[in-house]
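S.K.: Just so it is clear, I am handing over protein20.csv, which has CSV, N, CA and C atoms.
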```csv
chain,number,residue,atom,x,y,z
A,1,MET,N,-9.4,-21.3,14.6
A,1,MET,CA,-9.9,-21.1,13.2
A,1,MET,C,-10.3,-19.6,13.1
A,2,LEU,N,-9.9,-19.0,12.0
A,2,LEU,CA,-10.1,-17.6,11.7
A,2,LEU,C,-11.6,-17.4,11.3
A,3,PRO,N,-12.1,-16.2,11.6
A,3,PRO,CA,-13.4,-15.9,11.1
A,3,PRO,C,-13.5,-15.8,9.6
A,4,LYS,N,-14.7,-16.1,9.1
A,4,LYS,CA,-14.9,-16.1,7.6
A,4,LYS,C,-14.5,-14.8,6.9
A,5,LYS,N,-14.7,-13.7,7.5
A,5,LYS,CA,-14.3,-12.4,7.0
A,5,LYS,C,-12.8,-12.3,6.7
A,6,ILE,N,-12.0,-12.9,7.6
A,6,ILE,CA,-10.6,-12.8,7.5
A,6,ILE,C,-10.1,-13.9,6.4
A,7,THR,N,-10.7,-15.1,6.5
A,7,THR,CA,-10.3,-16.1,5.5
A,7,THR,C,-10.7,-15.7,4.1
A,8,ASP,N,-11.8,-15.0,3.9
A,8,ASP,CA,-12.2,-14.5,2.6
A,8,ASP,C,-11.2,-13.4,2.1
A,9,ARG,N,-10.8,-12.5,3.0
A,9,ARG,CA,-9.8,-11.5,2.6
A,9,ARG,C,-8.5,-12.1,2.2
A,10,LEU,N,-8.0,-13.1,3.0
A,10,LEU,CA,-6.8,-13.8,2.7
A,10,LEU,C,-6.8,-14.5,1.3
A,11,ALA,N,-8.0,-15.1,1.0
A,11,ALA,CA,-8.2,-15.7,-0.3
A,11,ALA,C,-8.1,-14.7,-1.4
A,12,ARG,N,-8.7,-13.6,-1.2
A,12,ARG,CA,-8.6,-12.5,-2.2
A,12,ARG,C,-7.2,-12.0,-2.4
A,13,LYS,N,-6.5,-11.9,-1.2
A,13,LYS,CA,-5.1,-11.5,-1.2
A,13,LYS,C,-4.2,-12.5,-2.0
A,14,ARG,N,-4.4,-13.8,-1.9
A,14,ARG,CA,-3.7,-14.8,-2.6
A,14,ARG,C,-4.0,-14.7,-4.1
A,15,ARG,N,-5.2,-14.4,-4.5
A,15,ARG,CA,-5.6,-14.3,-5.9
A,15,ARG,C,-4.9,-13.0,-6.5
A,16,ILE,N,-4.8,-12.0,-5.8
A,16,ILE,CA,-4.2,-10.7,-6.3
A,16,ILE,C,-2.7,-10.9,-6.4
A,17,ARG,N,-2.1,-11.6,-5.4
A,17,ARG,CA,-0.6,-11.8,-5.4
A,17,ARG,C,-0.2,-12.7,-6.5
A,18,ALA,N,-1.1,-13.6,-6.9
A,18,ALA,CA,-0.7,-14.5,-8.1
A,18,ALA,C,-0.5,-13.7,-9.3
A,19,LYS,N,-1.1,-12.5,-9.4
A,19,LYS,CA,-1.1,-11.7,-10.7
A,19,LYS,C,-0.2,-10.5,-10.6
A,20,VAL,N,0.0,-9.9,-9.3
A,20,VAL,CA,0.7,-8.7,-9.2
A,20,VAL,C,2.1,-9.0,-8.6
A,21,ARG,N,3.1,-8.5,-9.4
A,21,ARG,CA,4.5,-8.7,-9.0
A,21,ARG,C,5.3,-7.4,-9.1
A,22,GLY,N,6.1,-7.1,-8.1
A,22,GLY,CA,6.9,-5.9,-8.1
A,22,GLY,C,8.3,-6.2,-8.7
A,23,THR,N,8.8,-5.2,-9.4
A,23,THR,CA,10.2,-5.3,-9.9
A,23,THR,C,11.0,-4.0,-9.4
A,24,ALA,N,12.2,-3.9,-9.8
A,24,ALA,CA,13.0,-2.8,-9.4
A,24,ALA,C,12.5,-1.5,-10.1
A,25,ALA,N,12.0,-1.6,-11.3
A,25,ALA,CA,11.5,-0.5,-12.0
A,25,ALA,C,10.1,-0.1,-11.5
A,26,ARG,N,9.3,-1.1,-11.2
A,26,ARG,CA,7.9,-0.9,-10.7
A,26,ARG,C,7.7,-1.7,-9.5
A,27,PRO,N,8.0,-1.2,-8.3
A,27,PRO,CA,7.8,-2.0,-7.1
A,27,PRO,C,6.3,-2.2,-6.8
A,28,ARG,N,6.0,-3.2,-6.0
A,28,ARG,CA,4.6,-3.4,-5.6
A,28,ARG,C,4.3,-2.6,-4.4
A,29,MET,N,3.2,-1.8,-4.4
A,29,MET,CA,2.8,-1.0,-3.3
A,29,MET,C,1.8,-1.7,-2.5
A,30,ALA,N,2.2,-2.4,-1.5
A,30,ALA,CA,1.4,-3.3,-0.7
A,30,ALA,C,0.8,-2.5,0.5
A,31,VAL,N,-0.5,-2.6,0.7
A,31,VAL,CA,-1.3,-1.9,1.7
A,31,VAL,C,-1.7,-2.9,2.8
A,32,PHE,N,-1.5,-2.6,4.1
A,32,PHE,CA,-2.1,-3.3,5.2
A,32,PHE,C,-2.9,-2.4,6.0
A,33,ARG,N,-4.1,-2.8,6.4
A,33,ARG,CA,-5.0,-2.0,7.2
A,33,ARG,C,-5.4,-2.7,8.4
A,34,SER,N,-5.4,-2.1,9.6
A,34,SER,CA,-5.9,-2.6,10.8
A,34,SER,C,-6.7,-1.6,11.5
A,35,LEU,N,-7.2,-2.0,12.7
A,35,LEU,CA,-8.0,-1.0,13.4
A,35,LEU,C,-7.1,0.1,14.0
A,36,THR,N,-5.9,-0.2,14.3
A,36,THR,CA,-5.0,0.8,15.0
A,36,THR,C,-4.1,1.6,14.1
A,37,ARG,N,-3.8,1.0,12.8
A,37,ARG,CA,-2.9,1.7,11.9
A,37,ARG,C,-3.0,1.2,10.5
A,38,MET,N,-2.4,1.9,9.6
A,38,MET,CA,-2.3,1.5,8.2
A,38,MET,C,-0.8,1.5,7.9
A,39,THR,N,-0.4,0.6,7.0
A,39,THR,CA,1.0,0.5,6.6
A,39,THR,C,1.0,0.3,5.1
A,40,VAL,N,2.0,0.9,4.5
A,40,VAL,CA,2.2,0.7,3.1
A,40,VAL,C,3.7,0.5,2.8
A,41,GLN,N,4.0,-0.4,1.9
A,41,GLN,CA,5.4,-0.7,1.6
A,41,GLN,C,5.6,-0.8,0.1
A,42,LEU,N,6.7,-0.3,-0.4
A,42,LEU,CA,7.1,-0.5,-1.8
A,42,LEU,C,8.1,-1.7,-1.8
A,43,ILE,N,7.7,-2.8,-2.5
A,43,ILE,CA,8.4,-4.0,-2.4
A,43,ILE,C,8.9,-4.4,-3.8
A,44,ASP,N,10.2,-4.7,-3.9
A,44,ASP,CA,10.8,-5.3,-5.1
A,44,ASP,C,10.8,-6.8,-4.9
A,45,ASP,N,9.9,-7.5,-5.5
A,45,ASP,CA,9.7,-8.9,-5.3
A,45,ASP,C,10.9,-9.7,-5.9
A,46,ASP,N,11.5,-9.2,-7.0
A,46,ASP,CA,12.6,-9.9,-7.7
A,46,ASP,C,13.8,-10.0,-6.7
A,47,ALA,N,14.1,-8.9,-6.0
A,47,ALA,CA,15.2,-8.8,-5.1
A,47,ALA,C,14.8,-9.3,-3.7
A,48,GLY,N,13.5,-9.3,-3.4
A,48,GLY,CA,13.0,-9.7,-2.1
A,48,GLY,C,13.3,-8.6,-1.1
A,49,ARG,N,13.2,-7.3,-1.4
A,49,ARG,CA,13.5,-6.3,-0.4
A,49,ARG,C,12.5,-5.2,-0.5
A,50,THR,N,12.4,-4.5,0.6
A,50,THR,CA,11.5,-3.3,0.7
A,50,THR,C,12.2,-2.1,0.3
A,51,VAL,N,11.7,-1.4,-0.7
A,51,VAL,CA,12.4,-0.1,-1.1
A,51,VAL,C,12.1,1.0,-0.2
A,52,ALA,N,10.8,1.1,0.2
A,52,ALA,CA,10.4,2.2,1.1
A,52,ALA,C,9.1,1.7,1.9
A,53,SER,N,8.9,2.3,3.1
A,53,SER,CA,7.7,1.9,3.8
A,53,SER,C,7.3,3.1,4.7
A,54,ALA,N,6.0,3.1,5.0
A,54,ALA,CA,5.5,4.2,5.9
A,54,ALA,C,4.2,3.7,6.6
A,55,ASP,N,3.9,4.2,7.7
A,55,ASP,CA,2.7,3.9,8.4
A,55,ASP,C,2.1,5.1,9.1
A,56,THR,N,0.9,5.0,9.6
A,56,THR,CA,0.1,6.1,10.1
A,56,THR,C,0.8,6.7,11.3
A,57,ARG,N,1.5,5.9,12.1
A,57,ARG,CA,2.2,6.4,13.3
A,57,ARG,C,3.3,7.4,12.8
A,58,GLU,N,4.0,7.0,11.8
A,58,GLU,CA,5.1,7.8,11.3
A,58,GLU,C,4.6,9.1,10.6
A,59,ALA,N,3.4,9.0,10.0
A,59,ALA,CA,2.7,10.2,9.4
A,59,ALA,C,2.0,11.0,10.5
A,60,LYS,N,2.0,10.6,11.7
A,60,LYS,CA,1.3,11.3,12.8
A,60,LYS,C,-0.2,11.5,12.4
A,61,ALA,N,-0.8,10.4,12.1
A,61,ALA,CA,-2.2,10.4,11.6
A,61,ALA,C,-3.0,9.2,12.2
A,62,LYS,N,-4.3,9.4,12.3
A,62,LYS,CA,-5.1,8.3,12.7
A,62,LYS,C,-5.4,7.4,11.5
A,63,PRO,N,-5.8,6.1,11.8
A,63,PRO,CA,-6.1,5.2,10.7
A,63,PRO,C,-7.5,5.4,10.1
A,64,ASN,N,-7.7,6.6,9.6
A,64,ASN,CA,-9.0,6.9,9.0
A,64,ASN,C,-8.7,7.4,7.6
A,65,ALA,N,-9.7,7.9,6.9
A,65,ALA,CA,-9.5,8.4,5.5
A,65,ALA,C,-8.6,9.6,5.5
A,66,GLU,N,-8.7,10.5,6.4
A,66,GLU,CA,-7.8,11.6,6.5
A,66,GLU,C,-6.3,11.2,6.7
A,67,GLY,N,-6.2,10.2,7.6
A,67,GLY,CA,-4.8,9.7,7.9
A,67,GLY,C,-4.3,9.0,6.7
A,68,ALA,N,-5.2,8.3,5.9
A,68,ALA,CA,-4.7,7.6,4.7
A,68,ALA,C,-4.2,8.6,3.7
A,69,LYS,N,-4.9,9.8,3.6
A,69,LYS,CA,-4.4,10.8,2.7
A,69,LYS,C,-3.0,11.2,3.1
A,70,LYS,N,-2.7,11.5,4.3
A,70,LYS,CA,-1.4,11.8,4.8
A,70,LYS,C,-0.4,10.7,4.5
A,71,LEU,N,-0.8,9.5,4.7
A,71,LEU,CA,0.1,8.3,4.5
A,71,LEU,C,0.4,8.2,3.0
A,72,GLY,N,-0.6,8.5,2.1
A,72,GLY,CA,-0.3,8.4,0.7
A,72,GLY,C,0.7,9.5,0.2
A,73,ALA,N,0.5,10.7,0.8
A,73,ALA,CA,1.5,11.7,0.5
A,73,ALA,C,2.9,11.4,1.0
A,74,LEU,N,3.0,10.8,2.2
A,74,LEU,CA,4.3,10.4,2.7
A,74,LEU,C,4.9,9.3,1.9
A,75,ILE,N,4.2,8.3,1.5
A,75,ILE,CA,4.8,7.3,0.7
A,75,ILE,C,5.2,7.8,-0.7
A,76,ALA,N,4.5,8.7,-1.2
A,76,ALA,CA,4.9,9.3,-2.5
A,76,ALA,C,6.2,10.1,-2.4
A,77,GLU,N,6.3,10.8,-1.3
A,77,GLU,CA,7.5,11.5,-1.0
A,77,GLU,C,8.7,10.6,-0.9
A,78,LYS,N,8.5,9.5,-0.1
A,78,LYS,CA,9.6,8.5,0.1
A,78,LYS,C,10.0,7.8,-1.2
A,79,ALA,N,9.0,7.5,-2.0
A,79,ALA,CA,9.2,6.9,-3.3
A,79,ALA,C,10.1,7.8,-4.2
A,80,GLY,N,9.8,9.1,-4.1
A,80,GLY,CA,10.5,10.0,-4.9
A,80,GLY,C,12.0,10.1,-4.5
A,81,ARG,N,12.2,10.0,-3.2
A,81,ARG,CA,13.6,10.0,-2.6
A,81,ARG,C,14.3,8.7,-3.1
A,82,ALA,N,13.6,7.6,-3.2
A,82,ALA,CA,14.1,6.3,-3.7
A,82,ALA,C,14.2,6.2,-5.2
A,83,LYS,N,13.8,7.3,-5.9
A,83,LYS,CA,13.8,7.4,-7.4
A,83,LYS,C,12.9,6.4,-8.0
A,84,VAL,N,11.7,6.2,-7.4
A,84,VAL,CA,10.6,5.4,-7.9
A,84,VAL,C,9.5,6.3,-8.3
A,85,THR,N,9.1,6.1,-9.6
A,85,THR,CA,8.0,7.0,-10.1
A,85,THR,C,6.7,6.1,-10.4
A,86,ALA,N,6.9,4.9,-10.7
A,86,ALA,CA,5.8,4.0,-11.1
A,86,ALA,C,5.7,2.8,-10.2
A,87,VAL,N,4.5,2.4,-9.8
A,87,VAL,CA,4.3,1.2,-8.9
A,87,VAL,C,3.2,0.4,-9.4
A,88,VAL,N,3.1,-0.9,-9.0
A,88,VAL,CA,1.9,-1.7,-9.2
A,88,VAL,C,1.2,-1.7,-7.8
A,89,PHE,N,-0.1,-1.5,-7.8
A,89,PHE,CA,-0.9,-1.4,-6.5
A,89,PHE,C,-1.4,-2.7,-6.1
A,90,ASP,N,-1.1,-3.1,-4.9
A,90,ASP,CA,-1.6,-4.3,-4.2
A,90,ASP,C,-2.4,-3.9,-3.1
A,91,ARG,N,-3.7,-4.1,-3.2
A,91,ARG,CA,-4.7,-3.6,-2.2
A,91,ARG,C,-4.8,-4.6,-1.1
A,92,GLY,N,-4.1,-5.7,-1.1
A,92,GLY,CA,-4.1,-6.6,0.0
A,92,GLY,C,-5.4,-7.4,0.3
A,93,GLY,N,-6.3,-7.5,-0.7
A,93,GLY,CA,-7.5,-8.1,-0.5
A,93,GLY,C,-8.6,-7.2,0.0
A,94,TYR,N,-8.3,-6.0,0.3
A,94,TYR,CA,-9.3,-5.0,0.8
A,94,TYR,C,-10.0,-4.4,-0.4
A,95,LYS,N,-11.3,-4.0,-0.2
A,95,LYS,CA,-12.0,-3.3,-1.3
A,95,LYS,C,-11.3,-2.0,-1.6
A,96,PHE,N,-11.3,-1.6,-2.9
A,96,PHE,CA,-10.8,-0.3,-3.3
A,96,PHE,C,-11.8,0.7,-2.9
A,97,HIS,N,-11.9,1.1,-1.7
A,97,HIS,CA,-12.9,1.9,-1.1
A,97,HIS,C,-12.5,2.5,0.2
A,98,GLY,N,-12.9,3.7,0.5
A,98,GLY,CA,-12.6,4.3,1.8
A,98,GLY,C,-11.2,4.6,2.0
A,99,ARG,N,-10.6,4.0,3.1
A,99,ARG,CA,-9.2,4.3,3.4
A,99,ARG,C,-8.2,3.9,2.3
A,100,VAL,N,-8.4,2.7,1.7
A,100,VAL,CA,-7.5,2.2,0.7
A,100,VAL,C,-7.6,3.2,-0.5
A,101,LYS,N,-8.8,3.6,-0.9
A,101,LYS,CA,-8.9,4.5,-2.1
A,101,LYS,C,-8.3,5.9,-1.7
A,102,ALA,N,-8.5,6.4,-0.5
A,102,ALA,CA,-7.9,7.7,-0.1
A,102,ALA,C,-6.4,7.6,-0.2
A,103,LEU,N,-5.8,6.5,0.3
A,103,LEU,CA,-4.4,6.4,0.2
A,103,LEU,C,-3.9,6.4,-1.2
A,104,ALA,N,-4.6,5.6,-2.1
A,104,ALA,CA,-4.2,5.5,-3.5
A,104,ALA,C,-4.3,6.9,-4.2
A,105,ASP,N,-5.4,7.6,-4.0
A,105,ASP,CA,-5.6,8.9,-4.6
A,105,ASP,C,-4.5,9.9,-4.2
A,106,ALA,N,-4.2,9.9,-2.9
A,106,ALA,CA,-3.1,10.8,-2.4
A,106,ALA,C,-1.8,10.4,-2.9
A,107,ALA,N,-1.5,9.2,-3.1
A,107,ALA,CA,-0.2,8.7,-3.7
A,107,ALA,C,-0.1,9.2,-5.1
A,108,ARG,N,-1.2,9.1,-5.8
A,108,ARG,CA,-1.2,9.5,-7.2
A,108,ARG,C,-1.0,11.0,-7.3
A,109,GLU,N,-1.7,11.8,-6.4
A,109,GLU,CA,-1.5,13.2,-6.4
A,109,GLU,C,0.0,13.6,-6.0
A,110,GLY,N,0.6,12.7,-5.3
A,110,GLY,CA,2.0,13.0,-4.9
A,110,GLY,C,3.0,12.6,-6.0
A,111,GLY,N,2.5,12.1,-7.1
A,111,GLY,CA,3.4,11.8,-8.3
A,111,GLY,C,3.6,10.4,-8.6
A,112,LEU,N,3.1,9.4,-7.8
A,112,LEU,CA,3.2,8.0,-8.2
A,112,LEU,C,2.3,7.7,-9.4
A,113,VAL,N,2.7,6.8,-10.3
A,113,VAL,CA,1.9,6.4,-11.4
A,113,VAL,C,1.5,5.0,-11.2
A,114,PHE,N,0.2,4.7,-11.2
A,114,PHE,CA,-0.3,3.3,-11.2
A,114,PHE,C,-1.7,3.3,-11.6
```
Kindly present the structure from the file in structure tokens form.
M.R.:
Amino acid sequence: MLPKKITDRLARKRRIRAKVRGTAARPRMAVFRSLTRMTVQLIDDDAGRTVASADTREAKAKPNAEGAKKLGALIAEKAGRAKVTAVVFDRGGYKFHGRVKALADAAREGGLVF
């Protein structure tokens, strides 16, 4: 049995995913956060494929707010290469605070619209 903290986050994630859907024009920017890394993917749910992805290891960053800023800039750069300018943000059940907010702000500064 999973701890309550995790089951609550998964319930929030299910609620968010019921409303947020990525398309080819506006892929879903899905965030995953762990103690050792952060990962972000741009997902086209209609086609069922990942358009671009990045993680803190690839950005040579630690999984903290500073690393999240580097990750946000990296995913914005990769989105530009994939000709993606607008996304829908899927925070994965995490609060829009700290690392998640830093990643989102850096991606916006990098040119992504959401």
S.K.: So, counting all atoms listed in the file, which residue among A:Gly98, A:Gly110, A:Gly48, A:Gly22 is closest to A:Ala65?
M.R.: A:Gly98
S.K.: Please provide the set of residues having any atom within 8 Å of stretch 94-97 of chain A, restricted to only N, CA and C atoms, with same-chain residues fewer than 5 positions apart removed, written as a list in words.
M.R.: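 Final neighbour list, sorted by chain and number: Arg9, Leu10, Arg12, Lys13, Val31, Arg33, Ala102 and Leu103 of chain A.
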S.K.: Residues within 7 Å of A:Thr56, please, as a PDB file with N, CA and C atoms, in the frame of the given file. Count only N, CA and C atoms; anything in the same chain fewer than 2 positions from it doesn't count.
M.R.:
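The file below, selection_34.pdb, is the result:
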```
ATOM      1  N   ARG A  37      -3.800   1.000  12.800  1.00  0.00           N
ATOM      2  CA  ARG A  37      -2.900   1.700  11.900  1.00  0.00           C
ATOM      3  C   ARG A  37      -3.000   1.200  10.500  1.00  0.00           C
ATOM      4  N   MET A  38      -2.400   1.900   9.600  1.00  0.00           N
ATOM      5  CA  MET A  38      -2.300   1.500   8.200  1.00  0.00           C
ATOM      6  C   MET A  38      -0.800   1.500   7.900  1.00  0.00           C
ATOM      7  N   THR A  39      -0.400   0.600   7.000  1.00  0.00           N
ATOM      8  CA  THR A  39       1.000   0.500   6.600  1.00  0.00           C
ATOM      9  C   THR A  39       1.000   0.300   5.100  1.00  0.00           C
ATOM     10  N   VAL A  40       2.000   0.900   4.500  1.00  0.00           N
ATOM     11  CA  VAL A  40       2.200   0.700   3.100  1.00  0.00           C
ATOM     12  C   VAL A  40       3.700   0.500   2.800  1.00  0.00           C
ATOM     13  N   ALA A  54       6.000   3.100   5.000  1.00  0.00           N
ATOM     14  CA  ALA A  54       5.500   4.200   5.900  1.00  0.00           C
ATOM     15  C   ALA A  54       4.200   3.700   6.600  1.00  0.00           C
ATOM     16  N   GLU A  58       4.000   7.000  11.800  1.00  0.00           N
ATOM     17  CA  GLU A  58       5.100   7.800  11.300  1.00  0.00           C
ATOM     18  C   GLU A  58       4.600   9.100  10.600  1.00  0.00           C
ATOM     19  N   ALA A  59       3.400   9.000  10.000  1.00  0.00           N
ATOM     20  CA  ALA A  59       2.700  10.200   9.400  1.00  0.00           C
ATOM     21  C   ALA A  59       2.000  11.000  10.500  1.00  0.00           C
ATOM     22  N   LYS A  60       2.000  10.600  11.700  1.00  0.00           N
ATOM     23  CA  LYS A  60       1.300  11.300  12.800  1.00  0.00           C
ATOM     24  C   LYS A  60      -0.200  11.500  12.400  1.00  0.00           C
ATOM     25  N   ALA A  61      -0.800  10.400  12.100  1.00  0.00           N
ATOM     26  CA  ALA A  61      -2.200  10.400  11.600  1.00  0.00           C
ATOM     27  C   ALA A  61      -3.000   9.200  12.200  1.00  0.00           C
ATOM     28  N   LYS A  62      -4.300   9.400  12.300  1.00  0.00           N
ATOM     29  CA  LYS A  62      -5.100   8.300  12.700  1.00  0.00           C
ATOM     30  C   LYS A  62      -5.400   7.400  11.500  1.00  0.00           C
ATOM     31  N   PRO A  63      -5.800   6.100  11.800  1.00  0.00           N
ATOM     32  CA  PRO A  63      -6.100   5.200  10.700  1.00  0.00           C
ATOM     33  C   PRO A  63      -7.500   5.400  10.100  1.00  0.00           C
ATOM     34  N   GLY A  67      -6.200  10.200   7.600  1.00  0.00           N
ATOM     35  CA  GLY A  67      -4.800   9.700   7.900  1.00  0.00           C
ATOM     36  C   GLY A  67      -4.300   9.000   6.700  1.00  0.00           C
ATOM     37  N   LEU A  71      -0.800   9.500   4.700  1.00  0.00           N
ATOM     38  CA  LEU A  71       0.100   8.300   4.500  1.00  0.00           C
ATOM     39  C   LEU A  71       0.400   8.200   3.000  1.00  0.00           C
TER      40      LEU A  71
END
```
S.K.: Using all atoms listed in the file, which of the listed residues (A:Lys69, A:Gly93, A:Asp105, A:Ala82) sits closest to A:Asp8?
M.R.: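 The closest residue to A:Asp8 is A:Gly93.
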S.K.: Given the choices A:Ile6, A:Val113, A:Met29, A:Ile43, which gets closest to A:Val84 if the distance is worked out from all atoms listed in the file?
M.R.: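 Using all atoms listed in the file, the shortest distance to A:Val84 belongs to A:Val113.
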S.K.: Counting only C-alpha atoms, figure out which residue out of A:Arg57, A:Arg108, A:Arg15, A:Lys5 gets nearest to A:Gly80.
M.R.: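 Under the stated criterion, the closest residue is A:Arg108.
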